[in-house]
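**Q** Contents are mmCIF, C-alpha atoms (C1' of nucleotides) and all ligand atoms; file name coords_18.cif:
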```cif
data_final
loop_
_atom_site.label_atom_id
_atom_site.label_comp_id
_atom_site.auth_asym_id
_atom_site.auth_seq_id
_atom_site.Cartn_x
_atom_site.Cartn_y
_atom_site.Cartn_z
CA MET R 19 3.93 -21.78 -7.98
CA ILE R 20 2.94 -19.96 -4.84
CA GLN R 21 5.28 -20.49 -1.95
CA SER R 22 3.75 -20.30 1.47
CA LEU R 23 4.94 -17.51 3.71
CA THR R 24 8.24 -17.74 5.54
CA HIS R 25 8.11 -17.32 9.28
CA LEU R 26 9.49 -13.80 8.91
CA ASP R 27 7.00 -12.76 6.26
CA ARG R 28 4.12 -14.18 8.28
CA GLU R 29 5.27 -12.09 11.26
CA HIS R 30 5.53 -9.02 9.07
CA LEU R 31 1.96 -9.56 7.92
CA GLN R 32 0.68 -10.23 11.41
CA GLU R 33 2.42 -7.26 12.91
CA ALA R 34 1.09 -4.85 10.27
CA LEU R 35 -2.47 -6.17 10.47
CA ASN R 36 -2.51 -6.13 14.29
CA ARG R 37 -1.10 -2.60 14.32
CA SER R 38 -4.20 -1.46 12.42
CA GLY R 39 -6.62 -3.65 14.36
CA GLN R 40 -7.21 -6.25 11.69
CA LYS R 41 -6.94 -10.02 11.69
CA VAL R 42 -4.78 -12.55 9.95
CA THR R 43 -6.94 -14.78 7.78
CA THR R 44 -6.02 -17.56 5.41
CA GLN R 45 -7.23 -15.42 2.50
CA ARG R 46 -4.93 -12.60 3.54
CA GLU R 47 -2.03 -15.00 3.96
CA THR R 48 -2.66 -16.45 0.54
CA VAL R 49 -2.95 -13.10 -1.21
CA PHE R 50 0.12 -11.78 0.57
CA SER R 51 2.14 -14.83 -0.39
CA VAL R 52 1.13 -14.35 -4.01
CA LEU R 53 2.57 -10.85 -3.90
CA LEU R 54 5.82 -12.06 -2.37
CA SER R 55 6.21 -15.11 -4.62
CA GLU R 56 6.62 -13.23 -7.83
CA ARG R 57 7.44 -9.57 -7.55
CA ASP R 58 6.21 -8.60 -10.95
CA HIS R 59 3.59 -6.03 -9.95
CA PRO R 60 0.52 -8.12 -10.74
CA THR R 61 -2.92 -6.68 -11.36
CA VAL R 62 -5.87 -7.69 -9.20
CA ASP R 63 -6.89 -10.28 -11.77
CA GLU R 64 -3.42 -11.72 -11.89
CA VAL R 65 -3.32 -11.95 -8.11
CA PHE R 66 -6.77 -13.53 -8.19
CA ASN R 67 -5.80 -16.19 -10.70
CA ARG R 68 -2.58 -17.08 -8.92
CA ALA R 69 -4.21 -17.16 -5.51
CA ARG R 70 -7.04 -19.39 -6.68
CA GLU R 71 -4.56 -22.17 -7.38
CA ALA R 72 -3.81 -22.41 -3.71
CA MET R 73 -7.32 -21.53 -2.53
CA PRO R 74 -9.99 -22.41 -5.11
CA GLY R 75 -12.96 -20.85 -3.28
CA LEU R 76 -11.36 -17.41 -3.01
CA SER R 77 -13.45 -14.62 -4.48
CA LEU R 78 -12.40 -11.62 -6.53
CA ALA R 79 -14.08 -9.32 -4.03
CA THR R 80 -11.86 -10.72 -1.32
CA VAL R 81 -8.76 -10.13 -3.39
CA TYR R 82 -9.83 -6.49 -3.76
CA ASN R 83 -10.49 -6.36 -0.02
CA CYS R 84 -7.17 -7.93 0.94
CA LEU R 85 -5.16 -5.68 -1.33
CA GLU R 86 -6.97 -2.59 -0.04
CA THR R 87 -6.25 -3.76 3.51
CA PHE R 88 -2.57 -4.22 2.74
CA VAL R 89 -2.34 -0.78 1.18
CA SER R 90 -4.06 0.81 4.16
CA CYS R 91 -1.67 -0.81 6.61
CA GLY R 92 1.36 0.08 4.55
CA LEU R 93 2.32 -3.46 3.56
CA VAL R 94 1.97 -2.87 -0.13
CA ARG R 95 1.98 0.00 -2.65
CA GLN R 96 -0.40 0.57 -5.50
CA VAL R 97 1.22 1.26 -8.83
CA ASN R 98 -0.69 3.04 -11.57
CA HIS R 99 0.35 3.63 -15.15
CA GLU R 100 -1.88 5.90 -17.13
CA ARG R 101 -5.35 4.35 -16.86
CA GLU R 102 -4.39 0.73 -16.84
CA SER R 103 -5.45 -1.65 -14.09
CA THR R 104 -3.82 -0.95 -10.78
CA ARG R 105 -0.83 -3.12 -9.94
CA TYR R 106 0.51 -4.08 -6.53
CA CYS R 107 4.04 -3.96 -5.17
CA PRO R 108 5.30 -5.32 -1.85
CA ASN R 109 8.67 -3.55 -2.11
CA LEU R 110 8.71 -1.03 0.71
CA ALA R 111 12.04 0.54 -0.13
CA PRO R 112 11.83 3.92 -1.91
CA HIS R 113 11.79 3.12 -5.57
CA ALA R 114 10.56 4.27 -8.94
CA HIS R 115 8.85 2.16 -11.58
CA PHE R 116 10.02 1.42 -15.07
CA ARG R 117 7.44 0.26 -17.50
CA ASP R 118 8.66 -1.69 -20.48
CA LYS R 119 6.75 -0.59 -23.57
CA GLU R 120 7.33 -3.87 -25.37
CA THR R 121 6.53 -6.40 -22.69
CA GLY R 122 4.38 -4.35 -20.36
CA ARG R 123 6.54 -5.56 -17.51
CA VAL R 124 7.13 -3.24 -14.58
CA HIS R 125 10.57 -3.09 -12.97
CA ASP R 126 11.60 -1.56 -9.67
CA ILE R 127 14.27 1.11 -9.87
CA GLU R 128 16.10 1.91 -6.67
CA LEU R 129 15.79 5.54 -5.64
CA PRO R 130 18.87 6.90 -3.85
CA PRO R 131 18.23 9.49 -1.12
CA GLU R 132 20.16 12.18 -2.96
CA VAL R 133 17.86 11.87 -5.95
CA ILE R 134 14.86 12.19 -3.69
CA LYS R 135 16.43 15.30 -2.17
CA SER R 136 17.08 16.77 -5.59
CA LEU R 137 13.44 16.19 -6.46
CA ARG R 138 12.15 17.78 -3.28
CA SER R 139 14.37 20.75 -3.97
CA ILE R 140 12.41 21.70 -7.08
CA LEU R 141 9.26 22.41 -5.04
CA PRO R 142 8.63 26.14 -4.60
CA PRO R 143 8.28 27.42 -1.03
CA GLY R 144 4.87 26.56 0.42
CA PHE R 145 4.66 23.21 -1.30
CA ASP R 146 5.02 20.27 1.06
CA SER R 147 4.93 16.80 -0.36
CA GLU R 148 4.53 13.48 1.44
CA VAL R 149 4.51 11.20 -1.55
CA ILE R 150 6.53 11.30 -4.76
CA GLU R 151 5.73 8.94 -7.58
CA ILE R 152 8.18 8.46 -10.41
CA SER R 153 7.58 6.34 -13.41
CA PHE R 154 9.66 5.74 -16.49
CA LEU R 155 8.34 4.49 -19.77
CA GLY R 156 10.73 2.86 -22.22
CA ARG R 157 12.52 -0.29 -23.23
CA ALA R 158 14.56 -2.65 -21.09
CA GLN R 159 16.81 -5.16 -22.83
CA GLY R 160 17.03 -8.77 -21.79
CA LYS R 161 16.11 -8.35 -18.18
CA GLU R 162 14.31 -11.06 -16.34
CA SER R 163 11.79 -10.13 -13.70
CA THR R 164 12.95 -10.25 -10.12
CA SER R 165 11.45 -13.33 -8.56
CA ASN R 166 11.57 -13.70 -4.84
CA MET D 3 -14.84 32.97 -19.36
CA ILE D 4 -13.26 31.35 -22.39
CA GLN D 5 -11.04 33.66 -24.37
CA SER D 6 -10.78 33.00 -28.07
CA LEU D 7 -7.40 31.99 -29.39
CA THR D 8 -4.67 34.54 -30.00
CA HIS D 9 -3.21 34.62 -33.48
CA LEU D 10 -0.13 32.82 -32.19
CA ASP D 11 -2.04 30.06 -30.44
CA ARG D 12 -4.23 29.52 -33.50
CA GLU D 13 -1.08 29.10 -35.60
CA HIS D 14 0.34 26.70 -33.06
CA LEU D 15 -2.83 24.62 -33.28
CA GLN D 16 -2.97 24.74 -37.07
CA GLU D 17 0.67 23.85 -37.46
CA ALA D 18 0.44 20.84 -35.14
CA LEU D 19 -2.76 19.54 -36.73
CA ASN D 20 -1.47 19.96 -40.26
CA ARG D 21 1.78 18.26 -39.35
CA SER D 22 -0.21 15.13 -38.51
CA GLY D 23 -2.64 15.46 -41.42
CA GLN D 24 -5.65 16.66 -39.48
CA LYS D 25 -7.93 19.61 -39.88
CA VAL D 26 -8.66 22.72 -37.89
CA THR D 27 -12.32 22.73 -36.89
CA THR D 28 -14.30 25.11 -34.73
CA GLN D 29 -14.74 22.34 -32.16
CA ARG D 30 -10.99 21.84 -31.97
CA GLU D 31 -10.43 25.58 -31.69
CA THR D 32 -12.96 25.82 -28.89
CA VAL D 33 -11.59 22.89 -26.92
CA PHE D 34 -8.04 24.12 -27.35
CA SER D 35 -8.96 27.59 -26.17
CA VAL D 36 -10.59 26.11 -23.07
CA LEU D 37 -7.29 24.43 -22.22
CA LEU D 38 -5.35 27.64 -22.70
CA SER D 39 -7.82 29.89 -20.88
CA GLU D 40 -7.42 28.32 -17.48
CA ARG D 41 -4.40 26.14 -16.99
CA ASP D 42 -5.77 24.14 -14.13
CA HIS D 43 -5.56 20.65 -15.61
CA PRO D 44 -9.26 20.14 -16.21
CA THR D 45 -10.89 16.74 -16.62
CA VAL D 46 -12.82 15.87 -19.78
CA ASP D 47 -16.06 16.82 -18.06
CA GLU D 48 -14.68 20.15 -16.96
CA VAL D 49 -13.46 20.87 -20.48
CA PHE D 50 -16.85 19.82 -21.81
CA ASN D 51 -18.77 22.12 -19.47
CA ARG D 52 -16.55 25.10 -20.15
CA ALA D 53 -16.55 24.56 -23.89
CA ARG D 54 -20.32 24.24 -24.06
CA GLU D 55 -20.67 27.84 -22.92
CA ALA D 56 -19.04 29.01 -26.12
CA MET D 57 -20.47 26.21 -28.28
CA PRO D 58 -23.73 24.80 -26.93
CA GLY D 59 -24.13 21.97 -29.45
CA LEU D 60 -20.73 20.45 -28.71
CA SER D 61 -20.85 16.79 -27.68
CA LEU D 62 -18.90 14.96 -25.01
CA ALA D 63 -17.70 12.47 -27.62
CA THR D 64 -16.15 15.32 -29.57
CA VAL D 65 -14.37 16.59 -26.49
CA TYR D 66 -12.87 13.13 -26.03
CA ASN D 67 -11.95 13.09 -29.71
CA CYS D 68 -10.38 16.55 -29.68
CA LEU D 69 -8.32 15.87 -26.59
CA GLU D 70 -7.12 12.56 -28.00
CA THR D 71 -6.18 14.35 -31.21
CA PHE D 72 -4.23 16.99 -29.30
CA VAL D 73 -2.38 14.36 -27.30
CA SER D 74 -1.50 12.45 -30.45
CA CYS D 75 -0.09 15.53 -32.15
CA GLY D 76 1.85 16.55 -29.07
CA LEU D 77 -0.13 19.71 -28.30
CA VAL D 78 -1.25 18.55 -24.90
CA ARG D 79 -0.26 16.08 -22.18
CA GLN D 80 -2.47 13.72 -20.24
CA VAL D 81 -2.07 13.82 -16.49
CA ASN D 82 -3.15 10.88 -14.38
CA HIS D 83 -3.27 10.61 -10.63
CA GLU D 84 -4.00 7.20 -9.23
CA ARG D 85 -7.26 6.15 -10.84
CA GLU D 86 -8.96 9.50 -11.04
CA SER D 87 -10.29 10.96 -14.27
CA THR D 88 -7.60 11.94 -16.72
CA ARG D 89 -6.68 15.62 -16.75
CA TYR D 90 -5.21 17.66 -19.59
CA CYS D 91 -2.28 20.05 -19.63
CA PRO D 92 -1.15 22.30 -22.49
CA ASN D 93 2.19 23.13 -20.84
CA LEU D 94 4.81 21.65 -23.14
CA ALA D 95 7.82 22.52 -21.01
CA PRO D 96 9.25 19.61 -19.01
CA HIS D 97 7.44 19.69 -15.70
CA ALA D 98 6.20 17.58 -12.82
CA HIS D 99 2.77 17.71 -11.23
CA PHE D 100 1.91 18.58 -7.68
CA ARG D 101 -1.45 17.43 -6.46
CA ASP D 102 -2.89 19.33 -3.50
CA LYS D 103 -4.52 16.82 -1.15
CA GLU D 104 -6.86 19.43 0.31
CA THR D 105 -8.13 21.17 -2.79
CA GLY D 106 -7.48 18.52 -5.43
CA ARG D 107 -5.83 21.22 -7.51
CA VAL D 108 -2.91 20.26 -9.74
CA HIS D 109 0.07 22.58 -10.04
CA ASP D 110 2.90 22.54 -12.54
CA ILE D 111 6.39 22.25 -11.10
CA GLU D 112 9.24 23.24 -13.37
CA LEU D 113 11.73 20.45 -13.97
CA PRO D 114 15.33 21.66 -14.42
CA PRO D 115 17.50 19.68 -16.84
CA GLU D 116 19.94 18.64 -14.12
CA VAL D 117 17.14 17.01 -12.15
CA ILE D 118 16.07 15.11 -15.24
CA LYS D 119 19.67 14.01 -15.69
CA SER D 120 19.91 12.87 -12.10
CA LEU D 121 16.76 10.83 -12.61
CA ARG D 122 17.99 9.21 -15.78
CA SER D 123 21.21 8.34 -13.99
CA ILE D 124 19.43 5.96 -11.64
CA LEU D 125 18.44 3.67 -14.52
CA PRO D 126 20.57 0.51 -14.65
CA PRO D 127 22.36 -0.22 -17.93
CA GLY D 128 19.99 -1.58 -20.56
CA PHE D 129 17.10 0.56 -19.45
CA ASP D 130 16.24 3.30 -21.91
CA SER D 131 13.44 5.67 -21.08
CA GLU D 132 11.61 8.12 -23.33
CA VAL D 133 9.09 9.44 -20.86
CA ILE D 134 9.45 10.24 -17.17
CA GLU D 135 6.40 11.11 -15.12
CA ILE D 136 6.80 12.70 -11.73
CA SER D 137 3.99 13.52 -9.40
CA PHE D 138 3.98 14.92 -5.91
CA LEU D 139 1.14 14.57 -3.46
CA GLY D 140 0.90 17.03 -0.59
CA ARG D 141 -0.27 20.40 0.57
CA ALA D 142 0.31 23.78 -1.06
CA GLN D 143 -0.37 26.87 0.99
CA GLY D 144 -2.22 29.85 -0.35
CA LYS D 145 -1.35 29.41 -3.99
CA GLU D 146 -3.76 30.49 -6.67
CA SER D 147 -3.98 28.48 -9.84
CA THR D 148 -2.03 29.74 -12.83
CA SER D 149 -4.42 31.39 -15.22
CA ASN D 150 -3.25 32.24 -18.65
"C1'" DT T 16 -23.58 20.51 -58.33
"C1'" DT T 17 -22.04 16.42 -56.63
"C1'" DG T 18 -19.11 13.09 -54.33
"C1'" DC T 19 -15.59 12.14 -50.97
"C1'" DG T 20 -13.49 11.70 -46.63
"C1'" DG T 21 -12.63 13.44 -42.31
"C1'" DA T 22 -15.15 15.16 -38.27
"C1'" DT T 23 -18.99 15.21 -35.25
"C1'" DT T 24 -22.68 13.22 -32.76
"C1'" DA T 25 -25.89 10.29 -29.65
"C1'" DG T 26 -26.13 6.47 -27.61
"C1'" DA T 27 -24.65 1.72 -26.67
"C1'" DC T 28 -21.05 -0.74 -24.64
"C1'" DT T 29 -16.91 -2.14 -21.80
"C1'" DC T 30 -14.71 -3.28 -17.81
"C1'" DA T 31 -12.04 -2.03 -13.55
"C1'" DT T 32 -13.62 -0.88 -9.39
"C1'" DT T 33 -17.01 -0.10 -5.70
"C1'" DC T 34 -21.06 -1.18 -3.27
"C1'" DT T 35 -24.62 -4.10 -1.04
"C1'" DA T 36 -26.52 -7.40 1.53
"C1'" DA T 37 -26.41 -12.15 2.82
"C1'" DC T 38 -23.51 -15.58 4.85
"C1'" DT T 39 -19.44 -17.68 7.55
"C1'" DG T 40 -16.84 -18.79 11.29
"C1'" DA T 41 -13.98 -17.65 15.09
"C1'" DT T 42 -14.39 -15.75 19.79
"C1'" DT T 43 -16.60 -14.75 24.00
"C1'" DG T 44 -18.96 -15.28 27.96
"C1'" DA T 45 -23.47 -16.79 30.17
"C1'" DT P 12 -22.58 -26.09 25.78
"C1'" DC P 13 -24.89 -22.67 23.42
"C1'" DA P 14 -25.99 -18.25 21.53
"C1'" DA P 15 -24.58 -13.53 20.54
"C1'" DT P 16 -21.34 -10.85 18.29
"C1'" DC P 17 -18.70 -9.13 14.69
"C1'" DA P 18 -14.93 -8.90 11.37
"C1'" DG P 19 -14.28 -11.03 7.17
"C1'" DT P 20 -15.88 -13.22 2.97
"C1'" DT P 21 -18.79 -13.78 -0.88
"C1'" DA P 22 -21.80 -13.23 -5.24
"C1'" DG P 23 -23.73 -10.25 -7.75
"C1'" DA P 24 -25.46 -5.51 -8.78
"C1'" DA P 25 -24.17 -0.84 -9.60
"C1'" DT P 26 -21.02 2.79 -11.06
"C1'" DG P 27 -18.66 5.65 -14.17
"C1'" DA P 28 -14.66 6.94 -17.12
"C1'" DG P 29 -13.58 5.84 -21.33
"C1'" DT P 30 -14.34 3.50 -25.98
"C1'" DC P 31 -16.91 2.04 -29.89
"C1'" DT P 32 -20.47 2.23 -33.53
"C1'" DA P 33 -23.09 3.81 -36.98
"C1'" DA P 34 -25.56 7.65 -38.64
"C1'" DT P 35 -25.12 12.39 -40.11
"C1'" DC P 36 -22.58 16.63 -41.23
"C1'" DC P 37 -19.74 19.60 -43.85
"C1'" DG P 38 -15.78 21.65 -46.41
"C1'" DC P 39 -13.46 20.99 -50.44
"C1'" DA P 40 -12.28 19.51 -55.03
"C1'" DA P 41 -13.59 17.53 -59.48
MN MN X 201 1.22 6.12 -9.91
MN MN X 202 0.74 9.73 -14.56
ZN ZN X 203 7.58 -1.66 -7.17
ZN ZN X 204 0.93 20.34 -16.24
#
```
As structure tokens, please, write out the structure in this file.
Ligand SMILES: [Mn+2]
Ligand SMILES: [Mn+2]
Ligand SMILES: [Zn+2]
Ligand SMILES: [Zn+2]
**A**
Amino acid sequence: MIQSLTHLDREHLQEALNRSGQKVTTQRETVFSVLLSERDHPTVDEVFNRAREAMPGLSLATVYNCLETFVSCGLVRQVNHERESTRYCPNLAPHAHFRDKETGRVHDIELPPEVIKSLRSILPPGFDSEVIEISFLGRAQGKESTSN
Amino acid sequence: MIQSLTHLDREHLQEALNRSGQKVTTQRETVFSVLLSERDHPTVDEVFNRAREAMPGLSLATVYNCLETFVSCGLVRQVNHERESTRYCPNLAPHAHFRDKETGRVHDIELPPEVIKSLRSILPPGFDSEVIEISFLGRAQGKESTSN
DNA sequence: TTGCGGATTAGACTCATTCTAACTGATTGA
DNA sequence: TCAATCAGTTAGAATGAGTCTAATCCGCAA
């Protein structure tokens, strides 16, 4: 079930879109609310199928467009694992991803600042990095996905 | 220029292939020597083009097959960055990858055991990880690629 | 020699993603 | 009120890395 956006989330969306000169549309609200409703790192197709329940006429192209828009205004991160379909994550806190081999589920792993520092410290002089991506592959026992 | 395999590298190849019940072929030797000649994380197409110089009849399908074989016997790692073409790396030491935004070049970054430990330590109880992938995106000044 | 089984090969196919070009609908301002 | 404008949406075509298929090839052992 897709919840509609809370007042705060709607403001967050509006603020980020306005900041990059883009408009709030019902499609964008719907797609964004899908991402917030179940924080399980859905693929484009999963987002599409969930969003269609609330908005039957929505097209796949628009889902691609919305997600690309959100990424470009920093509302959402793309998550890639090997060459599988790209997944989307609305968690803006620094975090790593843990991919469960059995279930395929992707979990957020909080990334403390000191670990980030320790990672930056392995870069030789002359290397300057803006983005660090960390992903674990393994098994997670009996964890349920974090719903919103 | 593709160098042919040293005695040691040929043994390494043979040993790994035999261990998983597969045969040494001239195609596999050629593809493997391409990977060792220039350790710049080439894509399949780059491997194909380099290997064809030494072996003109070689097919793209075989390059895919060889690389898959090497990955499955642990001779080589796949390296993915977002949704770009997969790259291949024969460096078996634990290391992260640094992707230069300007040049697209991929550099190996040594990964000290204590950093690996610090990463594992952020996993909540119940999460058990076999593989950790770390990739940096940024700029590297005036570094040449590591040739062999 | 001959037969077997793994390896190689060309080309067809898949499918996530990108591109294109037509359409929609809100906004503006004459 | 009406028409122009223009970002956004849409269906469907195109792209391209990777996979699959089915026909040879070839080294080895009986
Ligand atoms: Mn990634
Ligand atoms: Mn990767
Ligand atoms: Zn996440
Ligand atoms: Zn590497």
**Q** For the contact check between chain R and chain D, emit one row per residue of chain R within 7 Å, containing the shortest atom pair and the distance in Å rounded to one decimal, counting all atoms listed in the file, chain then rising number order, as CSV.
**A**
```
residue,atom,partner,partner_atom,distance
R:Asn98,CA,D:Glu84,CA,5.8
R:Glu100,CA,D:Asn82,CA,5.8
R:Arg101,CA,D:Arg85,CA,6.6
R:Ile127,CA,D:Leu125,CA,6.8
R:Val133,CA,D:Ser120,CA,6.6
R:Ser136,CA,D:Val117,CA,6.6
R:Leu137,CA,D:Val117,CA,6.8
R:Leu141,CA,D:Ile111,CA,6.7
R:Gly144,CA,D:Gln143,CA,5.3
R:Phe145,CA,D:Ala142,CA,4.4
R:Asp146,CA,D:Arg141,CA,5.3
R:Ser147,CA,D:Gly140,CA,4.0
R:Glu148,CA,D:Gly140,CA,5.5
R:Val149,CA,D:Leu139,CA,5.1
R:Ile150,CA,D:Phe138,CA,4.6
R:Glu151,CA,D:Ser137,CA,5.2
R:Ile152,CA,D:Ile136,CA,4.7
R:Ser153,CA,D:Glu135,CA,5.2
R:Phe154,CA,D:Ile134,CA,4.6
R:Leu155,CA,D:Val133,CA,5.1
R:Gly156,CA,D:Ser131,CA,4.1
R:Arg157,CA,D:Asp130,CA,5.3
R:Ala158,CA,D:Phe129,CA,4.4
R:Gln159,CA,D:Gly128,CA,5.3
```
**Q** Would you save the residues of that selection, restricted to C-alpha atoms, as a short mmCIF file (atom, residue, chain, number, x, y, z; two decimals), keeping the file's coordinate frame?
**A**
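The resulting file, result.cif, is shown below:
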```cif
data_model
loop_
_atom_site.label_atom_id
_atom_site.label_comp_id
_atom_site.auth_asym_id
_atom_site.auth_seq_id
_atom_site.Cartn_x
_atom_site.Cartn_y
_atom_site.Cartn_z
CA ASN R 98 -0.69 3.04 -11.57
CA GLU R 100 -1.88 5.90 -17.13
CA ARG R 101 -5.35 4.35 -16.86
CA ILE R 127 14.27 1.11 -9.87
CA VAL R 133 17.86 11.87 -5.95
CA SER R 136 17.08 16.77 -5.59
CA LEU R 137 13.44 16.19 -6.46
CA LEU R 141 9.26 22.41 -5.04
CA GLY R 144 4.87 26.56 0.42
CA PHE R 145 4.66 23.21 -1.30
CA ASP R 146 5.02 20.27 1.06
CA SER R 147 4.93 16.80 -0.36
CA GLU R 148 4.53 13.48 1.44
CA VAL R 149 4.51 11.20 -1.55
CA ILE R 150 6.53 11.30 -4.76
CA GLU R 151 5.73 8.94 -7.58
CA ILE R 152 8.18 8.46 -10.41
CA SER R 153 7.58 6.34 -13.41
CA PHE R 154 9.66 5.74 -16.49
CA LEU R 155 8.34 4.49 -19.77
CA GLY R 156 10.73 2.86 -22.22
CA ARG R 157 12.52 -0.29 -23.23
CA ALA R 158 14.56 -2.65 -21.09
CA GLN R 159 16.81 -5.16 -22.83
#
```
**Q** List every protein, DNA or RNA residue that has at least one atom no more than 12 Å from (-7.9, 16.2, -28.4) in the file's coordinates, counting only C-alpha atoms (C1' of nucleotides), and write the result as JSON, numbers by chain.
**A** {"D": [15, 18, 19, 24, 25, 26, 27, 29, 30, 31, 32, 33, 34, 35, 36, 37, 46, 49, 50, 62, 63, 64, 65, 66, 67, 68, 69, 70, 71, 72, 73, 74, 75, 76, 77, 78, 79, 80, 89, 90, 91, 92]}
**Q** Determine which residues of chain T sit within 12 Å of chain D, taking into account all atoms listed in the file, and present them as a VMD selection string.
**A** chain T and resid 20 to 26 31 to 32
**Q** What is the distance, in Å and to one decimal place, between atom CA of D:Ala56 and atom CA of D:Thr28?
**A**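 Result for atom CA of D:Ala56 versus atom CA of D:Thr28: 10.6 Å, one decimal.
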**Q** Which one is closest to chain R: P:DA18, P:DA41, P:DA25, P:DA34? Count all atoms listed in the file.
**A**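 Going through P:DA18, P:DA41, P:DA25, P:DA34 one by one, the smallest distance to chain R is for P:DA18.
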**Q** Could you tell me how far atom CA of R:Asn109 sits from atom ZN of ligand ZN 203 (chain X), in Å to one decimal place?
**A**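 Answer for the atom ZN of ligand ZN 203 (chain X) to atom CA of R:Asn109 separation: 5.5 Å.
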**Q** Would you compute, for all listed atoms of stretch 30-39 of chain T, the axis-aligned bounding box grown by 6 Å on each side, and then report its centre and edge lengths in Å rounded to one decimal, as lines of an AutoDock Vina configuration file?
**A**
```
center_x = -19.3
center_y = -8.9
center_z = -5.1
size_x = 26.5
size_y = 29.6
size_z = 37.4
```
**Q** I need the chain P residues near chain R as a PDB file with C-alpha atoms (C1' of nucleotides), keeping the file's coordinate frame; criterion: at most 10 Å, counting only C-alpha atoms (C1' of nucleotides).
**A**
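Written out: selection-v9.pdb:
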```pdb
ATOM      1  C1'  DA P  18     -14.930  -8.900  11.370  1.00  0.00           C
ATOM      2  C1'  DG P  19     -14.280 -11.030   7.170  1.00  0.00           C
ATOM      3  C1'  DT P  20     -15.880 -13.220   2.970  1.00  0.00           C
ATOM      4  C1'  DT P  21     -18.790 -13.780  -0.880  1.00  0.00           C
ATOM      5  C1'  DA P  22     -21.800 -13.230  -5.240  1.00  0.00           C
ATOM      6  C1'  DA P  28     -14.660   6.940 -17.120  1.00  0.00           C
ATOM      7  C1'  DG P  29     -13.580   5.840 -21.330  1.00  0.00           C
TER       8       DG P  29
END
```
**Q** So how far away is atom C1' of P:DC37 from atom CA of D:Thr8, in Å?
**A**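 So the two atoms, atom CA of D:Thr8 and atom C1' of P:DC37, lie 25.3 Å apart.
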**Q** Nearest residue to ligand MN 201 (chain X) out of R:Glu71, R:Lys135, R:His113, R:Glu56, using all atoms listed in the file?
**A**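 For ligand MN 201 (chain X), the nearest of the candidates is R:His113.
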**Q** Could you give me, as JSON, numbers by chain, the residues within 12 Å of P:DA24, counting all atoms listed in the file and dropping anything in the same chain fewer than 6 positions from it?
**A** {"T": [33, 34, 35, 36]}
